[in-house]
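What follows is a short report on a single structure.
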Amino acid sequence: MTEYTLDKETFDQLRDIMGDDIPAFVNTYLEHSPGVIQAIEAAISSGDADDTFLQAHRLKGGSASIGAAKLASLAFDMEQAGRTGTMQGMEQRLGQLKDEYQRVEAALKAELDNGQPDI
């Protein structure tokens, strides 16, 4: 199964539920996620598996709720590695996570602008 940057069905359901509040919800996600990604990077740099787990868990939940399935999946992988203390290869995973976040950010901004995101 292909994982898209933004799951349109999930996002559209969220839009239906949130109505006029969707821009605020999306903007909150876009404002907070970079800080969580920075916290993941700091945890990896310091070799802190517990904090890697915690921060990746935070990103996973928010990303899944907004329809960013691939980003949530990447965060889940990092969460599980942090849980088990397996920090090997985390820098590569972090790079993938950052790249995917940039795609999610662009897709969400396109949704807010009523454009068609490149999903």
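FYI, nothing fancy with the structure tokens labels: chains A, B, ... in order, residues from 1 per chain, ligands from 1 as they appear.
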
Alpha helix (DSSP H) positions in chain A, given as an MDAnalysis selection string: chainID A and resid 8:18 22:46 49:66 69:84 90:112

How would the residues just picked look written out with C-alpha atoms as a short mmCIF file (atom, residue, chain, number, x, y, z; two decimals), in the first residue's frame?
data_model
loop_
_atom_site.label_atom_id
_atom_site.label_comp_id
_atom_site.auth_asym_id
_atom_site.auth_seq_id
_atom_site.Cartn_x
_atom_site.Cartn_y
_atom_site.Cartn_z
CA LYS A 8 -7.17 13.22 1.61
CA GLU A 9 -9.92 11.10 3.12
CA THR A 10 -8.63 11.62 6.66
CA PHE A 11 -8.06 15.32 6.07
CA ASP A 12 -11.49 15.79 4.51
CA GLN A 13 -13.13 14.02 7.46
CA LEU A 14 -11.23 16.29 9.81
CA ARG A 15 -12.32 19.33 7.79
CA ASP A 16 -15.96 18.16 8.03
CA ILE A 17 -15.68 17.76 11.79
CA MET A 18 -13.74 20.97 12.46
CA ILE A 22 -9.67 23.74 10.50
CA PRO A 23 -7.26 26.60 9.67
CA ALA A 24 -6.51 27.15 13.36
CA PHE A 25 -6.00 23.42 13.89
CA VAL A 26 -3.67 23.11 10.90
CA ASN A 27 -1.74 26.24 11.88
CA THR A 28 -1.28 24.95 15.42
CA TYR A 29 0.10 21.70 14.01
CA LEU A 30 2.42 23.63 11.67
CA GLU A 31 3.61 25.89 14.50
CA HIS A 32 4.34 23.09 16.98
CA SER A 33 5.70 20.31 14.78
CA PRO A 34 9.06 21.96 13.93
CA GLY A 35 9.80 22.29 17.65
CA VAL A 36 8.98 18.62 18.20
CA ILE A 37 11.26 17.68 15.30
CA GLN A 38 14.03 19.81 16.84
CA ALA A 39 13.46 18.02 20.16
CA ILE A 40 13.77 14.66 18.38
CA GLU A 41 17.02 15.84 16.79
CA ALA A 42 18.37 16.99 20.18
CA ALA A 43 17.42 13.67 21.78
CA ILE A 44 19.17 11.75 19.01
CA SER A 45 22.26 13.96 19.27
CA SER A 46 22.50 13.32 22.98
CA ALA A 49 16.42 7.04 23.71
CA ASP A 50 13.69 7.85 26.23
CA ASP A 51 13.26 11.41 24.96
CA THR A 52 13.47 10.21 21.37
CA PHE A 53 10.58 7.88 22.17
CA LEU A 54 8.56 10.65 23.84
CA GLN A 55 9.07 13.28 21.14
CA ALA A 56 8.50 10.85 18.27
CA HIS A 57 5.31 9.73 20.01
CA ARG A 58 4.10 13.35 20.14
CA LEU A 59 4.80 13.88 16.44
CA LYS A 60 3.17 10.58 15.50
CA GLY A 61 -0.09 11.42 17.21
CA GLY A 62 -0.46 14.88 15.76
CA SER A 63 0.54 13.75 12.30
CA ALA A 64 -1.87 10.83 12.28
CA SER A 65 -4.76 13.01 13.39
CA ILE A 66 -4.21 15.49 10.57
CA ALA A 69 0.13 9.06 7.38
CA LYS A 70 3.65 8.67 6.03
CA LEU A 71 5.06 11.15 8.55
CA ALA A 72 3.20 9.36 11.34
CA SER A 73 4.67 6.06 10.14
CA LEU A 74 8.20 7.46 10.17
CA ALA A 75 7.63 8.89 13.65
CA PHE A 76 6.27 5.51 14.78
CA ASP A 77 9.45 3.79 13.59
CA MET A 78 11.53 6.30 15.57
CA GLU A 79 9.25 5.91 18.59
CA GLN A 80 9.75 2.15 18.57
CA ALA A 81 13.51 2.50 18.18
CA GLY A 82 13.57 4.89 21.12
CA ARG A 83 11.42 2.52 23.18
CA THR A 84 13.88 -0.32 22.63
CA MET A 90 18.52 7.43 13.77
CA GLU A 91 20.28 10.23 11.88
CA GLN A 92 19.12 8.72 8.58
CA ARG A 93 15.58 8.31 9.91
CA LEU A 94 15.65 11.90 11.10
CA GLY A 95 16.58 13.06 7.61
CA GLN A 96 13.66 11.14 6.16
CA LEU A 97 11.36 12.57 8.82
CA LYS A 98 12.45 16.15 8.07
CA ASP A 99 12.02 15.65 4.33
CA GLU A 100 8.54 14.23 4.79
CA TYR A 101 7.57 17.04 7.16
CA GLN A 102 8.45 19.56 4.45
CA ARG A 103 6.11 17.75 2.05
CA VAL A 104 3.36 17.65 4.70
CA GLU A 105 3.79 21.34 5.41
CA ALA A 106 3.45 22.19 1.71
CA ALA A 107 0.39 19.94 1.31
CA LEU A 108 -1.35 21.43 4.34
CA LYS A 109 -0.64 24.98 3.21
CA ALA A 110 -2.06 24.11 -0.20
CA GLU A 111 -5.19 22.74 1.49
CA LEU A 112 -5.59 25.96 3.46
#
